[in-house]
file model_10.pdb (PDB, C-alpha atoms)
ATOM      1  CA  SER A   1      76.293-115.890 -99.889
ATOM      2  CA  THR A   2      74.792-112.792 -98.285
ATOM      3  CA  PRO A   3      74.474-109.073 -99.046
ATOM      4  CA  SER A   4      75.615-108.315 -95.492
ATOM      5  CA  PRO A   5      78.874-106.288 -95.412
ATOM      6  CA  THR A   6      79.629-107.672 -91.948
ATOM      7  CA  ASP A   7      80.050-111.259 -90.818
ATOM      8  CA  ILE A   8      76.922-113.268 -90.027
ATOM      9  CA  THR A   9      76.448-116.771 -88.652
ATOM     10  CA  TYR A  10      75.292-119.813 -90.595
ATOM     11  CA  SER A  11      74.618-123.486 -89.972
ATOM     12  CA  ILE A  12      74.004-126.454 -92.272
ATOM     13  CA  THR A  13      72.144-129.356 -90.666
ATOM     14  CA  VAL A  14      71.383-132.793 -92.061
ATOM     15  CA  PRO A  15      68.307-134.496 -90.575
ATOM     16  CA  GLY A  16      69.281-137.513 -88.511
ATOM     17  CA  THR A  17      72.949-136.478 -88.571
ATOM     18  CA  GLY A  18      73.164-133.005 -87.055
ATOM     19  CA  THR A  19      75.200-129.937 -87.947
ATOM     20  CA  VAL A  20      77.700-130.644 -90.714
ATOM     21  CA  SER A  21      78.999-127.097 -91.165
ATOM     22  CA  SER A  22      78.678-123.820 -89.257
ATOM     23  CA  GLY A  23      80.499-120.586 -88.676
ATOM     24  CA  SER A  24      80.303-116.846 -88.107
ATOM     25  CA  ASN A  25      82.329-115.665 -91.096
ATOM     26  CA  LEU A  26      79.725-115.456 -93.889
ATOM     27  CA  SER A  27      79.684-111.998 -95.499
ATOM     28  CA  LYS A  28      79.307-110.162 -98.785
ATOM     29  CA  THR A  29      82.988-110.663 -99.491
ATOM     30  CA  ASN A  30      83.262-114.192 -98.093
ATOM     31  CA  HIS A  31      80.819-116.777 -99.427
ATOM     32  CA  ILE A  32      80.729-120.326 -98.080
ATOM     33  CA  ASP A  33      81.122-123.427-100.273
ATOM     34  CA  PHE A  34      79.978-126.783 -98.912
ATOM     35  CA  THR A  35      80.682-129.921-100.949
ATOM     36  CA  ILE A  36      77.821-132.414-100.736
ATOM     37  CA  GLY A  37      79.863-135.282-102.172
ATOM     38  CA  THR A  38      80.730-136.960-105.449
ATOM     39  CA  THR A  39      78.519-140.051-105.320
ATOM     40  CA  ARG A  40      74.821-140.902-105.381
ATOM     41  CA  ASP A  41      74.982-141.560-101.630
ATOM     42  CA  SER A  42      75.234-137.880-100.642
ATOM     43  CA  HIS A  43      72.651-136.249 -98.382
ATOM     44  CA  ALA A  44      71.244-134.463-101.447
ATOM     45  CA  HIS A  45      70.592-137.662-103.422
ATOM     46  CA  GLU A  46      68.264-140.620-102.993
ATOM     47  CA  TYR A  47      67.819-143.712-105.146
ATOM     48  CA  TYR A  48      64.523-143.655-107.036
ATOM     49  CA  THR A  49      63.833-147.182-105.805
ATOM     50  CA  ASN A  50      63.413-145.691-102.320
ATOM     51  CA  SER A  51      60.555-143.470-103.483
ATOM     52  CA  SER A  52      57.238-143.548-101.607
ATOM     53  CA  SER A  53      58.879-144.198 -98.259
ATOM     54  CA  VAL A  54      59.693-141.882 -95.362
ATOM     55  CA  ILE A  55      63.321-140.729 -95.514
ATOM     56  CA  THR A  56      64.955-139.582 -92.280
ATOM     57  CA  ASP A  57      68.545-138.706 -93.262
ATOM     58  CA  LYS A  58      68.438-136.674 -96.478
ATOM     59  CA  GLY A  59      68.316-132.996 -97.318
ATOM     60  CA  PHE A  60      69.728-129.890 -95.694
ATOM     61  CA  ILE A  61      68.321-127.343 -93.259
ATOM     62  CA  ILE A  62      70.275-124.107 -93.705
ATOM     63  CA  GLU A  63      69.875-121.204 -91.304
ATOM     64  CA  THR A  64      71.581-117.799 -91.230
ATOM     65  CA  SER A  65      71.351-114.881 -88.824
ATOM     66  CA  GLU A  66      70.692-112.405 -91.664
ATOM     67  CA  PRO A  67      69.219-112.701 -95.189
ATOM     68  CA  SER A  68      71.249-114.986 -97.451
ATOM     69  CA  TYR A  69      71.251-116.726-100.840
ATOM     70  CA  VAL A  70      71.535-120.526-101.029
ATOM     71  CA  SER A  71      71.841-122.691-104.131
ATOM     72  CA  LEU A  72      72.471-126.397-104.661
ATOM     73  CA  ARG A  73      74.354-127.341-107.818
ATOM     74  CA  VAL A  74      74.834-130.846-109.183
ATOM     75  CA  LYS A  75      76.151-132.482-112.335
ATOM     76  CA  SER A  76      76.265-135.984-113.749
ATOM     77  CA  ASN A  77      79.420-138.088-113.592
ATOM     78  CA  ASN A  78      79.845-137.780-117.366
ATOM     79  CA  ASN A  79      79.343-133.992-117.221
ATOM     80  CA  LEU A  80      76.580-134.166-119.840
ATOM     81  CA  GLN A  81      73.813-132.956-117.522
ATOM     82  CA  ALA A  82      73.734-130.438-114.702
ATOM     83  CA  GLY A  83      71.169-128.586-112.640
ATOM     84  CA  ALA A  84      70.762-126.037-109.878
ATOM     85  CA  LEU A  85      68.186-125.518-107.169
ATOM     86  CA  VAL A  86      67.731-122.099-105.559
ATOM     87  CA  SER A  87      66.324-122.019-102.037
ATOM     88  CA  LYS A  88      63.279-119.791-101.600
ATOM     89  CA  GLY A  89      63.781-119.509 -97.820
ATOM     90  CA  GLU A  90      60.679-118.844 -95.748
ATOM     91  CA  ALA A  91      58.807-117.775 -98.911
ATOM     92  CA  GLY A  92      59.072-121.369-100.113
ATOM     93  CA  LEU A  93      57.168-122.801 -97.148
ATOM     94  CA  GLY A  94      53.439-123.416 -97.467
ATOM     95  CA  THR A  95      50.570-125.880 -97.493
ATOM     96  CA  SER A  96      49.399-126.063-101.135
ATOM     97  CA  PHE A  97      51.566-126.586-104.234
ATOM     98  CA  ARG A  98      51.091-127.350-107.932
ATOM     99  CA  VAL A  99      53.805-129.178-109.843
ATOM    100  CA  GLY A 100      55.464-128.579-113.207
ATOM    101  CA  MET A 101      58.515-130.125-114.880
ATOM    102  CA  PHE A 102      59.721-131.489-118.244
ATOM    103  CA  VAL A 103      57.061-133.191-120.380
ATOM    104  CA  ASN A 104      59.564-135.738-121.757
ATOM    105  CA  ASN A 105      58.562-136.046-125.393
ATOM    106  CA  SER A 106      62.115-137.124-126.210
ATOM    107  CA  ALA A 107      62.626-140.202-128.350
ATOM    108  CA  ASN A 108      65.082-141.402-125.697
ATOM    109  CA  LYS A 109      63.204-141.899-122.434
ATOM    110  CA  SER A 110      65.277-144.721-120.988
ATOM    111  CA  LYS A 111      66.718-142.684-118.127
ATOM    112  CA  ALA A 112      64.201-139.843-117.789
ATOM    113  CA  LEU A 113      62.501-139.483-114.415
ATOM    114  CA  ASN A 114      60.130-136.916-112.877
ATOM    115  CA  PHE A 115      60.045-136.420-109.136
ATOM    116  CA  ILE A 116      58.460-134.541-106.228
ATOM    117  CA  SER A 117      60.270-134.259-102.893
ATOM    118  CA  VAL A 118      58.746-132.753 -99.744
ATOM    119  CA  MET A 119      60.261-132.030 -96.332
ATOM    120  CA  ALA A 120      58.309-131.284 -93.156
ATOM    121  CA  THR A 121      59.173-128.305 -90.960
ATOM    122  CA  LEU A 122      57.134-129.503 -87.950
ATOM    123  CA  ASP A 123      56.371-132.828 -86.300
ATOM    124  CA  ASN A 124      53.179-134.708 -87.148
ATOM    125  CA  THR A 125      52.683-133.041 -90.542
ATOM    126  CA  GLN A 126      50.050-134.641 -92.764
ATOM    127  CA  VAL A 127      50.792-134.450 -96.504
ATOM    128  CA  ILE A 128      48.387-135.439 -99.298
ATOM    129  CA  PHE A 129      49.387-136.069-102.932
ATOM    130  CA  SER A 130      46.579-136.002-105.508
ATOM    131  CA  ASP A 131      45.617-135.023-109.085
ATOM    132  CA  ILE A 132      48.194-137.442-110.509
ATOM    133  CA  ASP A 133      47.144-138.658-113.959
ATOM    134  CA  GLN A 134      45.531-142.066-114.103
ATOM    135  CA  ASP A 135      47.859-144.888-115.287
ATOM    136  CA  VAL A 136      51.047-143.072-114.251
ATOM    137  CA  VAL A 137      53.457-145.656-112.833
ATOM    138  CA  LEU A 138      54.969-144.565-109.519
ATOM    139  CA  ASN A 139      58.281-145.937-108.301
ATOM    140  CA  LYS A 140      57.980-147.655-104.932
ATOM    141  CA  SER A 141      60.370-149.591-102.777
ATOM    142  CA  GLY A 142      59.289-153.200-103.093
ATOM    143  CA  GLY A 143      57.379-152.713-106.342
ATOM    144  CA  ASN A 144      55.843-150.071-108.594
ATOM    145  CA  THR A 145      52.261-148.807-108.325
ATOM    146  CA  THR A 146      49.956-147.733-111.163
ATOM    147  CA  VAL A 147      47.773-144.723-110.370
ATOM    148  CA  THR A 148      44.033-145.396-110.528
ATOM    149  CA  ALA A 149      41.124-142.953-110.829
ATOM    150  CA  GLY A 150      40.721-140.742-107.770
ATOM    151  CA  PHE A 151      44.182-141.641-106.464
ATOM    152  CA  THR A 152      45.415-139.900-103.304
ATOM    153  CA  GLU A 153      48.284-140.714-101.003
ATOM    154  CA  MET A 154      48.521-139.348 -97.457
ATOM    155  CA  ILE A 155      51.642-139.633 -95.329
ATOM    156  CA  SER A 156      52.754-138.313 -91.944
ATOM    157  CA  LEU A 157      56.148-136.670 -91.472
ATOM    158  CA  ASP A 158      58.076-135.235 -88.551
ATOM    159  CA  ARG A 159      60.392-132.218 -88.792
ATOM    160  CA  GLY A 160      63.257-132.882 -91.208
ATOM    161  CA  GLU A 161      61.722-136.037 -92.641
ATOM    162  CA  SER A 162      61.242-136.253 -96.408
ATOM    163  CA  TYR A 163      59.067-138.150 -98.851
ATOM    164  CA  ILE A 164      59.660-138.588-102.569
ATOM    165  CA  ILE A 165      57.177-139.482-105.293
ATOM    166  CA  SER A 166      58.782-140.316-108.624
ATOM    167  CA  SER A 167      57.971-141.857-111.974
ATOM    168  CA  LYS A 168      60.457-143.386-114.393
ATOM    169  CA  ILE A 169      59.168-142.200-117.767
ATOM    170  CA  SER A 170      60.008-145.407-119.640
ATOM    171  CA  ASN A 171      57.539-147.260-117.379
ATOM    172  CA  ASN A 172      54.634-145.124-118.583
ATOM    173  CA  THR A 173      52.461-145.627-121.639
ATOM    174  CA  THR A 174      51.892-143.255-124.544
ATOM    175  CA  ASN A 175      50.581-139.762-123.725
ATOM    176  CA  ILE A 176      51.587-139.734-120.049
ATOM    177  CA  TYR A 177      55.276-139.043-120.475
ATOM    178  CA  ASP A 178      54.658-135.823-118.528
ATOM    179  CA  ALA A 179      54.053-137.928-115.413
ATOM    180  CA  LEU A 180      53.400-135.869-112.234
ATOM    181  CA  VAL A 181      52.983-132.546-114.092
ATOM    182  CA  GLY A 182      49.947-130.762-112.643
ATOM    183  CA  SER A 183      49.919-132.820-109.438
ATOM    184  CA  LEU A 184      48.608-131.252-106.236
ATOM    185  CA  ILE A 185      50.413-131.347-102.883
ATOM    186  CA  GLU A 186      48.581-130.266 -99.735
ATOM    187  CA  SER A 187      49.552-130.330 -96.064
ATOM    188  CA  ASP A 188      48.215-129.202 -92.698
ATOM    189  CA  LYS A 189      51.539-127.558 -91.714
ATOM    190  CA  ASN A 190      54.266-125.800 -93.672
ATOM    191  CA  ILE A 191      56.420-127.972 -95.911
ATOM    192  CA  ALA A 192      59.213-127.354 -98.432
ATOM    193  CA  VAL A 193      58.824-128.837-101.928
ATOM    194  CA  ASN A 194      61.445-129.596-104.568
ATOM    195  CA  ILE A 195      60.425-130.857-107.996
ATOM    196  CA  GLY A 196      62.095-131.697-111.250
ATOM    197  CA  SER A 197      63.201-134.009-114.031
ATOM    198  CA  LEU A 198      66.386-136.010-114.450
ATOM    199  CA  THR A 199      67.766-136.469-117.990
ATOM    200  CA  GLY A 200      64.419-135.213-119.250
ATOM    201  CA  SER A 201      63.457-132.833-122.038
ATOM    202  CA  ASN A 202      60.652-130.963-123.765
ATOM    203  CA  ASP A 203      62.191-131.891-127.127
ATOM    204  CA  THR A 204      61.158-134.796-129.349
ATOM    205  CA  SER A 205      64.685-135.697-130.451
ATOM    206  CA  SER A 206      66.999-138.142-128.681
ATOM    207  CA  SER A 207      69.290-135.334-127.514
ATOM    208  CA  ASN A 208      68.799-132.048-125.644
ATOM    209  CA  ARG A 209      68.204-133.805-122.319
ATOM    210  CA  ASP A 210      69.156-132.232-119.014
ATOM    211  CA  TYR A 211      68.455-131.908-115.309
ATOM    212  CA  GLY A 212      65.634-129.498-114.591
ATOM    213  CA  MET A 213      64.800-128.924-110.936
ATOM    214  CA  ASP A 214      64.049-126.251-108.373
ATOM    215  CA  GLN A 215      62.360-125.506-105.086
ATOM    216  CA  ILE A 216      58.860-124.214-105.793
ATOM    217  CA  VAL A 217      56.744-121.760-103.827
ATOM    218  CA  PRO A 218      53.191-122.430-102.600
ATOM    219  CA  VAL A 219      50.108-121.439-104.591
ATOM    220  CA  SER A 220      49.596-118.482-102.234
ATOM    221  CA  LYS A 221      52.864-116.923-103.484
ATOM    222  CA  ILE A 222      52.810-117.542-107.232
ATOM    223  CA  GLY A 223      50.862-114.436-108.331
ATOM    224  CA  ASN A 224      49.349-113.845-111.775
ATOM    225  CA  GLU A 225      51.907-111.816-113.755
ATOM    226  CA  TYR A 226      55.211-113.135-115.083
ATOM    227  CA  ILE A 227      58.112-112.029-117.233
ATOM    228  CA  PHE A 228      59.645-114.795-119.348
ATOM    229  CA  VAL A 229      63.318-114.475-120.267
ATOM    230  CA  ARG A 230      64.488-116.544-123.194
ATOM    231  CA  GLY A 231      67.949-118.112-123.433
ATOM    232  CA  GLU A 232      69.778-119.351-126.506
ATOM    233  CA  GLY A 233      67.914-122.665-126.871
ATOM    234  CA  ALA A 234      65.816-123.784-129.824
ATOM    235  CA  ASP A 235      62.018-123.596-129.980
ATOM    236  CA  SER A 236      61.773-127.385-129.737
ATOM    237  CA  TYR A 237      63.024-127.590-126.159
ATOM    238  CA  GLU A 238      63.149-124.122-124.618
ATOM    239  CA  ASN A 239      59.543-123.739-123.529
ATOM    240  CA  ILE A 240      57.278-122.190-120.942
ATOM    241  CA  ILE A 241      55.134-124.690-119.044
ATOM    242  CA  ILE A 242      52.107-123.163-117.325
ATOM    243  CA  VAL A 243      50.156-125.094-114.691
ATOM    244  CA  ALA A 244      46.855-123.582-113.562
ATOM    245  CA  PRO A 245      46.249-123.881-109.799
ATOM    246  CA  ILE A 246      42.644-122.711-110.145
ATOM    247  CA  PHE A 247      40.148-122.507-112.995
ATOM    248  CA  HIS A 248      40.726-119.291-114.887
ATOM    249  CA  ILE A 249      41.767-117.803-118.206
ATOM    250  CA  LEU A 250      45.498-117.802-118.902
ATOM    251  CA  ARG A 251      46.931-115.197-121.234
ATOM    252  CA  ALA A 252      50.607-115.325-122.108
ATOM    253  CA  THR A 253      52.023-112.726-124.442
ATOM    254  CA  MET A 254      55.471-113.499-125.800
ATOM    255  CA  THR A 255      56.915-110.647-127.787
ATOM    256  CA  MET A 256      60.044-112.696-128.461
ATOM    257  CA  ILE A 257      58.044-114.802-130.932
ATOM    258  CA  SER A 258      55.467-112.096-131.720
ATOM    259  CA  SER A 259      52.448-114.100-130.664
ATOM    260  CA  ALA A 260      49.753-113.990-128.036
ATOM    261  CA  ILE A 261      48.252-117.150-126.667
ATOM    262  CA  GLU A 262      44.988-117.211-124.759
ATOM    263  CA  GLN A 263      43.277-120.357-123.588
ATOM    264  CA  GLU A 264      41.094-121.688-120.847
ATOM    265  CA  THR A 265      42.940-123.984-118.471
ATOM    266  CA  ASN A 266      41.396-126.208-115.812
ATOM    267  CA  LEU A 267      42.787-127.315-112.464
ATOM    268  CA  GLY A 268      46.271-128.735-112.886
ATOM    269  CA  ILE A 269      46.063-128.792-116.690
ATOM    270  CA  ILE A 270      49.213-127.577-118.404
ATOM    271  CA  SER A 271      49.933-125.317-121.329
ATOM    272  CA  ILE A 272      53.231-125.555-123.197
ATOM    273  CA  ILE A 273      54.372-122.487-125.120
TER     274      ILE A 273
END

call {"tool": "encode", "arguments": {"input": "model_10.pdb", "output": "structure tokens"}}
result
Amino acid sequence: STPSPTDITYSITVPGTGTVSSGSNLSKTNHIDFTIGTTRDSHAHEYYTNSSSVITDKGFIIETSEPSYVSLRVKSNNNLQAGALVSKGEAGLGTSFRVGMFVNNSANKSKALNFISVMATLDNTQVIFSDIDQDVVLNKSGGNTTVTAGFTEMISLDRGESYIISSKISNNTTNIYDALVGSLIESDKNIAVNIGSLTGSNDTSSSNRDYGMDQIVPVSKIGNEYIFVRGEGADSYENIIIVAPIFHILRATMTMISSAIEQETNLGIISII
């Protein structure tokens, strides 16, 4: 959609495939719906077993001639989980990112998975993944890998190519169910980063699982003041997860529960409120 009262042009391109939809009739009164598919083989989905390999035919590059709003919405086949990702446009492109997602304390972790997905905007982009907790088990095509101390992974991507790092929570040992939270992503050219959890939760019960995902912005855009808006969820699973990109004092005041929380947080360490 767009706030423009007059028609503007748009195009939706899939890497390795080309333009899959385009037109000049997008306006404030005429939004455009594009169906990505109804199976796991759509251009928005990738099997977790293909993690840690360069992907050349997934994702979407969406361009419009005037400012626009773009969201991706998905749901599970059984309609029990759903999620939405909101594009941040050019503001979402950068070279340094910190990651946050569900911490997966649920008693049912059999299908929970945390993931990071990056896409390059320019050829010959070098991307480095680091600050992943030791002993986290990463999904890899051909066999899983257990993170060791000082782990880093560097890959090279061309424009439109993607790379996914993921961890199936049931493969991890006690106390690292929040696999990938706090991880650092750095690159020498602008990239786009999506992160999230599938059938994950912050709750300790076997229920209250969901999809939680979004495109994140780089560290240079995150700022230091936030307003938290609470929904109708319970305290056990509706939480604020704070990841510190640099060493500093975090102060979060939540009038909705009449408490103030102040604590010192190191690089990539998380606070759950």

call {"tool": "atom_distance", "arguments": {"input": "model_10.pdb", "atom1": "atom CA of A:Ser167", "atom2": "atom CA of A:Leu138"}}
result
4.7 Å

call {"tool": "atom_distance", "arguments": {"input": "model_10.pdb", "atom1": "atom CA of A:Tyr48", "atom2": "atom CA of A:Phe115"}}
result
8.8 Å

call {"tool": "resolve_selection", "arguments": {"input": "model_10.pdb", "expression": "the PyMOL selection byres ((chain A and resi 217-227) around 7)", "output": "ChimeraX atom specification"}}
result
/A:91-98,215-216,228-229,245

call {"tool": "closest_residue", "arguments": {"input": "model_10.pdb", "among": "A:Asp135, A:Asp214, A:Asp57, A:Asp178", "to": "A:Leu72", "atoms": "only C-alpha atoms"}}
result
A:Asp214

call {"tool": "closest_residue", "arguments": {"input": "model_10.pdb", "among": "A:Val74, A:Ala84, A:Val54, A:Val181", "to": "A:Thr38", "atoms": "only C-alpha atoms"}}
result
A:Val74

call {"tool": "closest_residue", "arguments": {"input": "model_10.pdb", "among": "A:Asn139, A:Thr39, A:Ser130, A:Thr199", "to": "A:Ala112", "atoms": "all atoms listed in the file"}}
result
A:Thr199

call {"tool": "closest_residue", "arguments": {"input": "model_10.pdb", "among": "A:Thr146, A:Ser197, A:Asn124, A:Asn114", "to": "A:Ala82", "atoms": "all atoms listed in the file"}}
result
A:Ser197

call {"tool": "atom_distance", "arguments": {"input": "model_10.pdb", "atom1": "atom CA of A:Lys28", "atom2": "atom CA of A:Ser1"}}
result
6.6 Å

call {"tool": "closest_residue", "arguments": {"input": "model_10.pdb", "among": "A:Asn79, A:Asn25, A:Asn208, A:Ile128", "to": "A:Ala234", "atoms": "all atoms listed in the file"}}
result
A:Asn208

call {"tool": "resolve_selection", "arguments": {"input": "model_10.pdb", "expression": "the PyMOL selection byres ((chain A and resi 30) around 12)", "output": "list in words"}}
result
Ser1, Thr2, Pro3, Ser4, Pro5, Thr6, Asp7, Ile8, Thr9, Gly23, Ser24, Asn25, Leu26, Ser27, Lys28, Thr29, His31, Ile32 and Asp33 of chain A
